[in-house]
Every structure is written in structure tokens, then in C-alpha cells.
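J.: Next comes my_file_9.cif, mmCIF, C-alpha atoms, pLDDT in the B column; chains and numbers go by the auth columns:
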data_coords
#
loop_
_atom_site.group_PDB
_atom_site.id
_atom_site.type_symbol
_atom_site.label_atom_id
_atom_site.label_comp_id
_atom_site.label_asym_id
_atom_site.label_seq_id
_atom_site.Cartn_x
_atom_site.Cartn_y
_atom_site.Cartn_z
_atom_site.B_iso_or_equiv
_atom_site.auth_seq_id
_atom_site.auth_asym_id
ATOM 1 C CA MET A 1 0.000 0.000 0.000 40.00 1 A
ATOM 2 C CA LYS A 2 1.373 3.374 -1.042 39.00 2 A
ATOM 3 C CA LYS A 3 1.985 5.868 1.689 38.00 3 A
ATOM 4 C CA PHE A 4 1.406 9.451 0.716 38.00 4 A
ATOM 5 C CA GLY A 5 2.133 12.484 2.875 37.00 5 A
ATOM 6 C CA ILE A 6 -0.401 14.912 1.414 38.00 6 A
ATOM 7 C CA ILE A 7 0.545 18.349 2.659 36.00 7 A
ATOM 8 C CA GLY A 8 0.111 20.994 0.015 37.00 8 A
ATOM 9 C CA ILE A 9 -3.640 21.202 -0.467 37.00 9 A
ATOM 10 C CA ALA A 10 -3.922 23.776 2.327 37.00 10 A
ATOM 11 C CA LEU A 11 -1.429 25.982 0.492 36.00 11 A
ATOM 12 C CA ILE A 12 -4.271 27.138 -1.752 36.00 12 A
ATOM 13 C CA PHE A 13 -4.703 29.978 0.681 38.00 13 A
ATOM 14 C CA LEU A 14 -1.170 31.278 0.151 40.00 14 A
ATOM 15 C CA PRO A 15 -0.670 34.594 -1.652 42.00 15 A
ATOM 16 C CA PHE A 16 0.606 32.984 -4.854 39.00 16 A
ATOM 17 C CA SER A 17 -2.772 31.391 -5.487 42.00 17 A
ATOM 18 C CA LEU A 18 -4.779 32.984 -8.235 47.00 18 A
ATOM 19 C CA ARG A 19 -7.586 35.298 -7.196 52.00 19 A
ATOM 20 C CA ALA A 20 -11.102 33.947 -7.376 56.00 20 A
ATOM 21 C CA ARG A 21 -13.040 36.097 -9.826 72.00 21 A
ATOM 22 C CA GLU A 22 -16.181 37.895 -8.772 81.00 22 A
ATOM 23 C CA GLN A 23 -19.540 36.279 -9.350 89.00 23 A
ATOM 24 C CA TYR A 24 -23.099 37.142 -8.476 93.00 24 A
ATOM 25 C CA PRO A 25 -24.509 35.801 -5.201 93.00 25 A
ATOM 26 C CA ASP A 26 -27.718 33.801 -4.998 93.00 26 A
ATOM 27 C CA PHE A 27 -30.351 36.491 -4.760 95.00 27 A
ATOM 28 C CA ASP A 28 -33.369 35.799 -2.577 95.00 28 A
ATOM 29 C CA ARG A 29 -35.330 37.481 0.180 95.00 29 A
ATOM 30 C CA GLU A 30 -32.847 36.530 2.898 96.00 30 A
ATOM 31 C CA TYR A 31 -29.976 38.002 0.896 96.00 31 A
ATOM 32 C CA TRP A 32 -31.673 41.423 0.805 97.00 32 A
ATOM 33 C CA VAL A 33 -32.682 41.189 4.449 97.00 33 A
ATOM 34 C CA ASN A 34 -29.007 40.741 5.263 97.00 34 A
ATOM 35 C CA GLU A 35 -28.043 43.607 2.928 97.00 35 A
ATOM 36 C CA GLN A 36 -30.591 45.831 4.662 97.00 36 A
ATOM 37 C CA ALA A 37 -29.030 45.040 8.040 96.00 37 A
ATOM 38 C CA LEU A 38 -25.543 45.749 6.669 96.00 38 A
ATOM 39 C CA ALA A 39 -26.743 49.080 5.276 96.00 39 A
ATOM 40 C CA LYS A 40 -28.167 50.079 8.661 96.00 40 A
ATOM 41 C CA GLY A 41 -24.845 49.204 10.281 96.00 41 A
ATOM 42 C CA LYS A 42 -23.030 51.294 7.668 94.00 42 A
ATOM 43 C CA MET A 43 -25.283 54.251 8.472 96.00 43 A
ATOM 44 C CA SER A 44 -24.604 53.929 12.201 96.00 44 A
ATOM 45 C CA ARG A 45 -20.846 53.683 11.734 95.00 45 A
ATOM 46 C CA GLY A 46 -20.899 56.579 9.275 95.00 46 A
ATOM 47 C CA ALA A 47 -22.801 58.776 11.693 96.00 47 A
ATOM 48 C CA GLY A 48 -20.318 57.970 14.457 96.00 48 A
ATOM 49 C CA LEU A 49 -17.349 58.724 12.216 94.00 49 A
ATOM 50 C CA GLY A 50 -18.922 61.979 11.023 94.00 50 A
ATOM 51 C CA VAL A 51 -19.548 63.148 14.587 96.00 51 A
ATOM 52 C CA LEU A 52 -15.982 62.193 15.500 94.00 52 A
ATOM 53 C CA GLY A 53 -14.764 64.322 12.607 93.00 53 A
ATOM 54 C CA LEU A 54 -16.757 67.297 13.846 94.00 54 A
ATOM 55 C CA VAL A 55 -15.510 66.845 17.403 93.00 55 A
ATOM 56 C CA SER A 56 -11.906 66.680 16.202 92.00 56 A
ATOM 57 C CA ILE A 57 -12.165 70.112 14.569 93.00 57 A
ATOM 58 C CA TRP A 58 -11.046 71.761 17.813 93.00 58 A
ATOM 59 C CA PRO A 59 -7.816 69.755 18.380 90.00 59 A
ATOM 60 C CA ALA A 60 -7.064 70.041 14.647 91.00 60 A
ATOM 61 C CA THR A 61 -7.441 73.823 14.888 93.00 61 A
ATOM 62 C CA VAL A 62 -5.108 73.919 17.879 92.00 62 A
ATOM 63 C CA MET A 63 -2.498 71.871 16.015 90.00 63 A
ATOM 64 C CA ILE A 64 -2.759 74.061 12.906 91.00 64 A
ATOM 65 C CA THR A 65 -2.329 77.165 15.066 92.00 65 A
ATOM 66 C CA ARG A 66 0.799 75.670 16.601 90.00 66 A
ATOM 67 C CA ALA A 67 2.045 74.852 13.104 88.00 67 A
ATOM 68 C CA LYS A 68 1.856 78.533 12.210 87.00 68 A
ATOM 69 C CA GLU A 69 3.860 79.417 15.312 86.00 69 A
ATOM 70 C CA ASN A 70 6.419 76.609 14.975 87.00 70 A
ATOM 71 C CA PRO A 71 6.191 75.090 11.473 86.00 71 A
ATOM 72 C CA ARG A 72 9.341 72.997 11.823 84.00 72 A
ATOM 73 C CA LYS A 73 7.822 71.041 14.689 84.00 73 A
ATOM 74 C CA TYR A 74 4.090 71.103 13.970 87.00 74 A
ATOM 75 C CA ALA A 75 3.588 71.686 10.225 88.00 75 A
ATOM 76 C CA ALA A 76 3.359 67.991 9.327 89.00 76 A
ATOM 77 C CA LEU A 77 1.171 67.196 12.337 89.00 77 A
ATOM 78 C CA GLY A 78 -1.110 70.127 11.552 91.00 78 A
ATOM 79 C CA ALA A 79 -1.568 68.873 7.981 92.00 79 A
ATOM 80 C CA VAL A 80 -2.273 65.330 9.187 92.00 80 A
ATOM 81 C CA PHE A 81 -4.799 66.483 11.791 91.00 81 A
ATOM 82 C CA GLY A 82 -6.517 68.763 9.292 92.00 82 A
ATOM 83 C CA LEU A 83 -6.811 66.063 6.622 92.00 83 A
ATOM 84 C CA SER A 84 -7.977 63.503 9.174 92.00 84 A
ATOM 85 C CA THR A 85 -10.736 65.802 10.424 93.00 85 A
ATOM 86 C CA LEU A 86 -11.913 66.613 6.906 92.00 86 A
ATOM 87 C CA GLY A 87 -11.704 62.988 5.781 91.00 87 A
ATOM 88 C CA ALA A 88 -13.581 61.608 8.786 92.00 88 A
ATOM 89 C CA THR A 89 -16.376 64.163 8.437 94.00 89 A
ATOM 90 C CA LEU A 90 -16.909 63.733 4.701 93.00 90 A
ATOM 91 C CA HIS A 91 -16.505 59.967 4.694 92.00 91 A
ATOM 92 C CA GLY A 92 -18.727 59.496 7.727 93.00 92 A
ATOM 93 C CA PHE A 93 -21.708 61.516 6.566 94.00 93 A
ATOM 94 C CA GLY A 94 -21.221 60.289 3.009 94.00 94 A
ATOM 95 C CA SER A 95 -21.574 56.729 4.290 94.00 95 A
ATOM 96 C CA VAL A 96 -24.860 57.677 5.943 96.00 96 A
ATOM 97 C CA GLY A 97 -26.314 58.787 2.615 95.00 97 A
ATOM 98 C CA PHE A 98 -24.931 55.806 0.731 95.00 98 A
ATOM 99 C CA GLY A 99 -26.171 53.403 3.399 95.00 99 A
ATOM 100 C CA LYS A 100 -29.667 54.891 3.240 96.00 100 A
ATOM 101 C CA LYS A 101 -29.837 54.332 -0.512 96.00 101 A
ATOM 102 C CA GLN A 102 -28.723 50.726 -0.061 96.00 102 A
ATOM 103 C CA LYS A 103 -31.240 50.202 2.739 96.00 103 A
ATOM 104 C CA ASP A 104 -34.092 51.581 0.615 97.00 104 A
ATOM 105 C CA ALA A 105 -33.110 49.423 -2.366 96.00 105 A
ATOM 106 C CA ALA A 106 -32.964 46.315 -0.178 96.00 106 A
ATOM 107 C CA ALA A 107 -36.360 47.143 1.328 96.00 107 A
ATOM 108 C CA SER A 108 -37.806 47.469 -2.177 96.00 108 A
ATOM 109 C CA PHE A 109 -36.556 44.017 -3.191 96.00 109 A
ATOM 110 C CA ILE A 110 -37.809 42.512 0.076 96.00 110 A
ATOM 111 C CA GLY A 111 -41.251 43.931 -0.683 95.00 111 A
ATOM 112 C CA ASP A 112 -41.156 42.443 -4.184 95.00 112 A
ATOM 113 C CA TYR A 113 -40.259 39.022 -2.792 96.00 113 A
ATOM 114 C CA ASP A 114 -43.113 39.248 -0.301 95.00 114 A
ATOM 115 C CA ILE A 115 -45.591 39.970 -3.108 94.00 115 A
ATOM 116 C CA ASP A 116 -44.370 37.517 -5.752 94.00 116 A
ATOM 117 C CA PRO A 117 -40.888 35.954 -5.520 92.00 117 A
ATOM 118 C CA ASP A 118 -41.008 34.732 -9.130 90.00 118 A
ATOM 119 C CA SER A 119 -41.557 38.237 -10.500 89.00 119 A
ATOM 120 C CA VAL A 120 -38.427 39.837 -9.001 93.00 120 A
ATOM 121 C CA ASN A 121 -36.219 41.059 -11.822 94.00 121 A
ATOM 122 C CA ILE A 122 -32.796 39.370 -11.714 95.00 122 A
ATOM 123 C CA ASP A 123 -31.193 42.092 -13.854 95.00 123 A
ATOM 124 C CA GLU A 124 -32.305 44.807 -11.435 95.00 124 A
ATOM 125 C CA GLN A 125 -30.856 42.849 -8.520 96.00 125 A
ATOM 126 C CA ARG A 126 -27.565 42.357 -10.343 96.00 126 A
ATOM 127 C CA SER A 127 -27.463 46.048 -11.258 95.00 127 A
ATOM 128 C CA GLU A 128 -27.996 47.071 -7.624 96.00 128 A
ATOM 129 C CA TYR A 129 -25.384 44.559 -6.462 96.00 129 A
ATOM 130 C CA LEU A 130 -22.787 45.884 -8.923 95.00 130 A
ATOM 131 C CA HIS A 131 -23.594 49.527 -8.140 95.00 131 A
ATOM 132 C CA GLY A 132 -23.129 49.019 -4.401 94.00 132 A
ATOM 133 C CA ARG A 133 -19.976 46.943 -4.686 95.00 133 A
ATOM 134 C CA ARG A 134 -18.407 49.289 -7.221 95.00 134 A
ATOM 135 C CA LYS A 135 -19.083 52.363 -5.117 94.00 135 A
ATOM 136 C CA THR A 136 -17.678 50.634 -2.038 94.00 136 A
ATOM 137 C CA ALA A 137 -14.539 49.656 -3.962 94.00 137 A
ATOM 138 C CA ARG A 138 -14.077 53.246 -5.164 95.00 138 A
ATOM 139 C CA LYS A 139 -14.465 54.567 -1.617 93.00 139 A
ATOM 140 C CA VAL A 140 -11.845 52.110 -0.375 93.00 140 A
ATOM 141 C CA ILE A 141 -9.488 53.181 -3.179 94.00 141 A
ATOM 142 C CA LEU A 142 -10.011 56.784 -2.059 93.00 142 A
ATOM 143 C CA PHE A 143 -9.253 55.765 1.527 93.00 143 A
ATOM 144 C CA GLY A 144 -6.052 54.067 0.380 93.00 144 A
ATOM 145 C CA SER A 145 -5.078 57.259 -1.462 93.00 145 A
ATOM 146 C CA TYR A 146 -5.762 59.224 1.706 93.00 146 A
ATOM 147 C CA LEU A 147 -3.437 56.961 3.708 93.00 147 A
ATOM 148 C CA THR A 148 -0.794 57.325 1.010 94.00 148 A
ATOM 149 C CA THR A 149 -1.089 61.121 1.159 93.00 149 A
ATOM 150 C CA ILE A 150 -0.711 61.118 4.933 93.00 150 A
ATOM 151 C CA SER A 151 2.299 58.820 4.693 94.00 151 A
ATOM 152 C CA THR A 152 3.901 61.113 2.100 94.00 152 A
ATOM 153 C CA ILE A 153 3.546 64.087 4.433 93.00 153 A
ATOM 154 C CA LEU A 154 5.086 62.182 7.347 92.00 154 A
ATOM 155 C CA LEU A 155 7.945 60.687 5.325 93.00 155 A
ATOM 156 C CA THR A 156 8.749 64.019 3.692 92.00 156 A
ATOM 157 C CA ASN A 157 8.861 65.680 7.094 90.00 157 A
ATOM 158 C CA GLY A 158 11.108 62.895 8.365 90.00 158 A
ATOM 159 C CA ILE A 159 13.516 63.436 5.482 91.00 159 A
ATOM 160 C CA VAL A 160 13.549 67.205 5.990 88.00 160 A
ATOM 161 C CA GLN A 161 14.189 66.834 9.728 87.00 161 A
ATOM 162 C CA SER A 162 16.952 64.290 9.057 89.00 162 A
ATOM 163 C CA ILE A 163 18.664 66.732 6.726 88.00 163 A
ATOM 164 C CA ARG A 164 18.401 69.488 9.317 82.00 164 A
ATOM 165 C CA LYS A 165 19.801 67.190 11.974 81.00 165 A
ATOM 166 C CA GLY A 166 22.660 66.169 9.690 82.00 166 A
ATOM 167 C CA ARG A 167 23.548 69.809 9.193 82.00 167 A
ATOM 168 C CA GLY A 168 23.707 70.331 12.950 75.00 168 A
ATOM 169 C CA ALA A 169 20.495 72.323 13.359 74.00 169 A
ATOM 170 C CA GLU A 170 18.840 72.528 16.775 74.00 170 A
ATOM 171 C CA MET A 171 16.048 69.930 16.865 73.00 171 A
ATOM 172 C CA ASN A 172 14.229 71.259 19.966 73.00 172 A
ATOM 173 C CA GLY A 173 13.086 67.816 21.015 73.00 173 A
ATOM 174 C CA ILE A 174 11.931 66.748 17.544 79.00 174 A
ATOM 175 C CA ARG A 175 12.261 62.986 17.071 84.00 175 A
ATOM 176 C CA VAL A 176 12.643 61.793 13.489 85.00 176 A
ATOM 177 C CA TRP A 177 12.033 58.037 13.758 88.00 177 A
ATOM 178 C CA PRO A 178 8.265 58.250 14.552 88.00 178 A
ATOM 179 C CA TYR A 179 7.681 59.998 11.219 90.00 179 A
ATOM 180 C CA TYR A 180 9.520 57.263 9.329 91.00 180 A
ATOM 181 C CA MET A 181 7.770 54.469 11.203 94.00 181 A
ATOM 182 C CA ALA A 182 4.244 55.875 10.914 92.00 182 A
ATOM 183 C CA GLY A 183 4.813 57.013 7.337 92.00 183 A
ATOM 184 C CA GLY A 184 6.162 53.636 6.277 94.00 184 A
ATOM 185 C CA LEU A 185 3.291 51.710 7.847 94.00 185 A
ATOM 186 C CA LEU A 186 0.654 54.001 6.350 93.00 186 A
ATOM 187 C CA LEU A 187 2.309 53.899 2.927 94.00 187 A
ATOM 188 C CA THR A 188 2.326 50.098 2.931 95.00 188 A
ATOM 189 C CA ALA A 189 -1.299 49.942 4.065 94.00 189 A
ATOM 190 C CA GLY A 190 -2.449 52.619 1.621 93.00 190 A
ATOM 191 C CA VAL A 191 -0.839 51.041 -1.427 95.00 191 A
ATOM 192 C CA ARG A 192 -2.038 47.566 -0.492 95.00 192 A
ATOM 193 C CA ILE A 193 -5.617 48.726 0.077 95.00 193 A
ATOM 194 C CA SER A 194 -5.699 50.705 -3.166 94.00 194 A
ATOM 195 C CA VAL A 195 -4.269 47.897 -5.300 95.00 195 A
ATOM 196 C CA LYS A 196 -6.561 45.264 -3.798 94.00 196 A
ATOM 197 C CA SER A 197 -9.660 47.429 -4.252 95.00 197 A
ATOM 198 C CA LYS A 198 -8.661 48.379 -7.813 94.00 198 A
ATOM 199 C CA ARG A 199 -8.428 44.694 -8.684 95.00 199 A
ATOM 200 C CA LYS A 200 -11.827 44.095 -7.140 93.00 200 A
ATOM 201 C CA LEU A 201 -13.282 47.006 -9.106 93.00 201 A
ATOM 202 C CA ASP A 202 -11.820 45.579 -12.321 94.00 202 A
ATOM 203 C CA ASP A 203 -13.352 42.182 -11.524 94.00 203 A
ATOM 204 C CA LEU A 204 -16.737 43.795 -10.896 93.00 204 A
ATOM 205 C CA ASP A 205 -16.509 45.646 -14.214 92.00 205 A
ATOM 206 C CA ALA A 206 -15.689 42.373 -15.945 92.00 206 A
ATOM 207 C CA LEU A 207 -18.603 40.681 -14.201 91.00 207 A
ATOM 208 C CA GLY A 208 -20.985 43.401 -15.310 87.00 208 A
ATOM 209 C CA ALA A 209 -19.755 43.114 -18.901 86.00 209 A
ATOM 210 C CA THR A 210 -20.570 39.432 -19.266 74.00 210 A
ATOM 211 C CA ALA A 211 -23.827 37.566 -19.036 47.00 211 A
ATOM 212 C CA SER A 212 -22.195 34.321 -18.069 42.00 212 A
ATOM 213 C CA VAL A 213 -21.054 33.401 -14.600 40.00 213 A
ATOM 214 C CA PRO A 214 -17.240 33.487 -14.515 38.00 214 A
ATOM 215 C CA LEU A 215 -15.176 30.584 -13.362 38.00 215 A
ATOM 216 C CA GLN A 216 -13.276 30.556 -10.126 41.00 216 A
ATOM 217 C CA ALA A 217 -9.699 29.749 -10.951 41.00 217 A
ATOM 218 C CA GLY A 218 -6.824 28.943 -8.651 42.00 218 A
ATOM 219 C CA ILE A 219 -3.459 27.245 -8.463 43.00 219 A
ATOM 220 C CA VAL A 220 -3.400 24.377 -5.992 43.00 220 A
ATOM 221 C CA PRO A 221 0.129 23.638 -4.772 47.00 221 A
ATOM 222 C CA PHE A 222 0.779 20.038 -3.735 43.00 222 A
ATOM 223 C CA TYR A 223 3.511 18.018 -2.071 42.00 223 A
ATOM 224 C CA TYR A 224 3.714 14.296 -1.463 42.00 224 A
ATOM 225 C CA ILE A 225 6.180 11.476 -0.887 45.00 225 A
ATOM 226 C CA THR A 226 6.116 8.522 -3.261 46.00 226 A
ATOM 227 C CA GLU A 227 6.506 4.890 -2.278 50.00 227 A
ATOM 228 C CA ASN A 228 10.241 4.910 -2.998 49.00 228 A
ATOM 229 C CA GLY A 229 10.727 7.958 -0.797 47.00 229 A
ATOM 230 C CA ARG A 230 10.961 10.529 -3.560 49.00 230 A
ATOM 231 C CA SER A 231 9.565 13.981 -2.768 43.00 231 A
ATOM 232 C CA VAL A 232 7.326 15.538 -5.374 46.00 232 A
ATOM 233 C CA PHE A 233 6.235 19.169 -5.421 45.00 233 A
ATOM 234 C CA GLY A 234 4.150 20.936 -8.057 48.00 234 A
ATOM 235 C CA VAL A 235 0.995 22.853 -8.801 44.00 235 A
ATOM 236 C CA SER A 236 -2.278 21.985 -10.447 46.00 236 A
ATOM 237 C CA PHE A 237 -5.001 24.210 -11.847 43.00 237 A
ATOM 238 C CA MET A 238 -8.497 24.140 -10.397 42.00 238 A
ATOM 239 C CA ASN A 239 -11.615 25.524 -12.037 42.00 239 A
ATOM 240 C CA SER A 240 -15.063 25.392 -10.559 37.00 240 A
ATOM 241 C CA PHE A 241 -18.409 27.046 -11.206 34.00 241 A
#
What is this file in C-alpha cells?

T.:
Amino acid sequence: MKKFGIIGIALIFLPFSLRAREQYPDFDREYWVNEQALAKGKMSRGAGLGVLGLVSIWPATVMITRAKENPRKYAALGAVFGLSTLGATLHGFGSVGFGKKQKDAAASFIGDYDIDPDSVNIDEQRSEYLHGRRKTARKVILFGSYLTTISTILLTNGIVQSIRKGRGAEMNGIRVWPYYMAGGLLLTAGVRISVKSKRKLDDLDALGATASVPLQAGIVPFYYITENGRSVFGVSFMNSF
């Protein structure tokens, strides 16, 4: 009896696996009930974020005032605080409006299912699905761009302060490494979020352009030991509907 040490099937979840392409969910009443609940949650979170943005106007104003008095120490922080306040306010209240539209659309489909499930238009459901997912992907791309902008401000300030320090200027307690650390982390996160959401948006556009349900494709790495003790490693392609 051959003894196989099957190990690699779990490696399908590794980053070098191919992305599963977008496909439409199974639309029914329960799907839209769940979407309605998600929309309500989005509205609540958006309202909280918007209020937080308004509340942070005061500390942002204080930081900007300090930046005018001591730009070398507070200019970058003033810009970050100002952008954060503006971003939180606009994104928060924007999410409230977007969530309300999604909630109303879900409620409309729920009503249609309650009246006659067989009469619910599949194309209208797909159109609403694509519209919501596309807009969400664009908002996430914008958020990634925001993080990248913040990181650029922090990294630029770190470079400027490093040059000043190298020239022997008085630093007045300014530490350079926090700008590099925070800027680097935000840059990595911003680029990753933007790229991932752009790919998702492209997949959604491709899904909307075809009437057929796309295949899910992936590379399945495998590893096993043959009967004579030879190790075998490779990949196989998997397609499923």
C-alpha cells in the first residue's frame, strides 16, 4: 500500500494562489434582508465617524495654530490632523447617505419578494449589487489614497528633519524616527488597500460586462512522498463554477 504524505492542499490559501473572480450571489429574500441590516450598520458607523470628525475640529485647529507658530515642529502634524478631520467628516456623513440608498433598495426588493418571488427582476438585482460593490470599492481606493497622502507628508517631514539634523540644526526635542515608522506603515497599508480594491473594481466591471457566470480559478500547490521515498512538489489548476 502506497503511503502518501499529502501536505500541500492547504497551500491554496497562500498569496501565490490565483484570485477567485467575482460572481453574483444567490439572490433571494434573505440576501436582501441581510443587505438591509448591513446598510443600517453602515449608516450607524458613518454617523459615528462623522460626529468624531466634527468633534476633532477643535484639536485640529489647535495643532494648525501651533504649526503657524512653529512650522518645523508642527507643520506635518497640523496637515495630518486637518486632513484627518476633513476625511472623517466627509466619509462618515457620506456613508450615511450611501447606506440609506442601499437600505431603501434592499427594502424594495424585500417587498417584491413578499408579493411575488417569481416576479423579481434578476437584472435589477444584479445592477444594484454591482452599483453598491463598485461604489464601495471606489471609496476604499479613495481611503487608500488618503493613507498614502498622509504617509507622504510624514515621510517628507522625516527626510527634511533628518537633513536638518545632519547639518547640525537645533532639533528642539523633535524625534525623526516616529515619522519614518508611521509614514512607512501608512504607505504600505495605503498602497495595499488601493491595489486590492482596484483589482476588485476591475473584476466587478468584468462581471458586469458578461452575461455568463465566470469561473473561479486557482493554483493548488501540492507536495507528497512517493513509495520509494521521492519527494514531489508541483501545482495543479483548479476551475469550478

J.: Restricting the calculation to only C-alpha atoms, which member of A:Leu186, A:Val96, A:Ala76, A:Ile159 is positioned closest to Leu38 in chain A?

T.: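 The answer is A:Val96, which sits nearest to Leu38 in chain A.
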
J.: At what distance in Å, to one decimal, does CA of Leu90 in chain A lie from CA of Gly78 in chain A?

T.: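 Taking CA of Gly78 in chain A as the start and CA of Leu90 in chain A as the end point, the length is 18.4 Å.
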
J.: Figure out the distance between CA of Ile64 in chain A and CA of Leu185 in chain A, please, to one decimal in Å.

T.: 23.7 Å

J.: Using all atoms listed in the file, which protein or nucleic acid residues come within 10 Å of Ile141 in chain A? Drop anything in the same chain fewer than 6 positions from it, and give the result as a list in words.

T.: Lys135, Leu147, Gly190, Val191, Arg192, Ile193, Ser194, Val195, Lys196, Ser197, Lys198 and Leu201 of chain A

J.: Restricted to C-alpha atoms, what would the selected residues look like written as a PDB file, keeping the file's coordinate frame?

T.:
ATOM      1  CA  LYS A 135     -19.083  52.363  -5.117  1.00 94.00           C
ATOM      2  CA  LEU A 147      -3.437  56.961   3.708  1.00 93.00           C
ATOM      3  CA  GLY A 190      -2.449  52.619   1.621  1.00 93.00           C
ATOM      4  CA  VAL A 191      -0.839  51.041  -1.427  1.00 95.00           C
ATOM      5  CA  ARG A 192      -2.038  47.566  -0.492  1.00 95.00           C
ATOM      6  CA  ILE A 193      -5.617  48.726   0.077  1.00 95.00           C
ATOM      7  CA  SER A 194      -5.699  50.705  -3.166  1.00 94.00           C
ATOM      8  CA  VAL A 195      -4.269  47.897  -5.300  1.00 95.00           C
ATOM      9  CA  LYS A 196      -6.561  45.264  -3.798  1.00 94.00           C
ATOM     10  CA  SER A 197      -9.660  47.429  -4.252  1.00 95.00           C
ATOM     11  CA  LYS A 198      -8.661  48.379  -7.813  1.00 94.00           C
ATOM     12  CA  LEU A 201     -13.282  47.006  -9.106  1.00 93.00           C
TER      13      LEU A 201
END

J.: Which residues would end up in the selection if the PyMOL selection byres ((chain A and resi 155) around 8) were applied here, given that I need the answer as a list in words?

T.: Ser151, Thr152, Ile153, Leu154, Thr156, Asn157, Gly158, Ile159, Tyr179, Tyr180, Gly183 and Gly184 of chain A

J.: What is the CA of Ala182 in chain A-CA of Lys42 in chain A distance in Å, reported with one decimal?

T.: 27.8 Å

J.: Find the spatial neighbours of Met63 in chain A, counting all atoms listed in the file, within a cut-off of 8 Å - ignore same-chain residues fewer than 6 positions away - and output them as a PyMOL selection string.

T.: chain A and resi 74+77-78+81

J.: I'd like to see the residues matched by the PyMOL selection byres ((chain A and resi 65) around 12) on this file, and ideally I'd get them as a VMD selection string.

T.: chain A and resid 58 to 64 66 to 71 73 to 75 77 to 79 81 to 82

J.: Hey, which of A:Arg72, A:Glu35, A:Lys139, A:Gly41 ends up closest to Gly173 in chain A? Count only C-alpha atoms.

T.: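 Smallest separation from Gly173 in chain A among the options: A:Arg72.
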
J.: Have a look at A:Gly53, A:Gly132, A:Val176, A:Ala37 and name the one nearest to Thr89 in chain A; count all atoms listed in the file.

T.: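 Closest candidate: A:Gly53.
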
J.: Check the smallest atom-to-atom distance from each of A:Lys200, A:Arg29, A:Arg45, A:Arg21 to Arg133 in chain A using only C-alpha atoms, then report the winner.

T.: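 Among A:Lys200, A:Arg29, A:Arg45, A:Arg21, it is A:Lys200 that comes nearest to Arg133 in chain A.
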
J.: Expanded to explicit residues, what is the PyMOL selection byres ((chain A and resi 103) around 8) for this file, as an mmCIF file with C-alpha atoms, keeping the file's coordinate frame?

T.:
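Listing of selection.cif after writing:
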data_model
loop_
_atom_site.group_PDB
_atom_site.id
_atom_site.type_symbol
_atom_site.label_atom_id
_atom_site.label_comp_id
_atom_site.auth_asym_id
_atom_site.auth_seq_id
_atom_site.Cartn_x
_atom_site.Cartn_y
_atom_site.Cartn_z
ATOM 1 C CA GLU A 35 -28.043 43.607 2.928
ATOM 2 C CA GLN A 36 -30.591 45.831 4.662
ATOM 3 C CA ALA A 37 -29.030 45.040 8.040
ATOM 4 C CA ALA A 39 -26.743 49.080 5.276
ATOM 5 C CA LYS A 40 -28.167 50.079 8.661
ATOM 6 C CA GLY A 99 -26.171 53.403 3.399
ATOM 7 C CA LYS A 100 -29.667 54.891 3.240
ATOM 8 C CA LYS A 101 -29.837 54.332 -0.512
ATOM 9 C CA GLN A 102 -28.723 50.726 -0.061
ATOM 10 C CA ASP A 104 -34.092 51.581 0.615
ATOM 11 C CA ALA A 105 -33.110 49.423 -2.366
ATOM 12 C CA ALA A 106 -32.964 46.315 -0.178
ATOM 13 C CA ALA A 107 -36.360 47.143 1.328
#

J.: Quick one: everything within 9 Å of Met171 in chain A, counting only C-alpha atoms, minus sequence neighbours fewer than 3 positions away in the same chain. Send it as a list in words.

T.: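 With the cut-off at 9 Å, the set is Arg72, Lys73, Gln161, Arg164, Lys165, Gly168, Ile174 and Arg175 of chain A.
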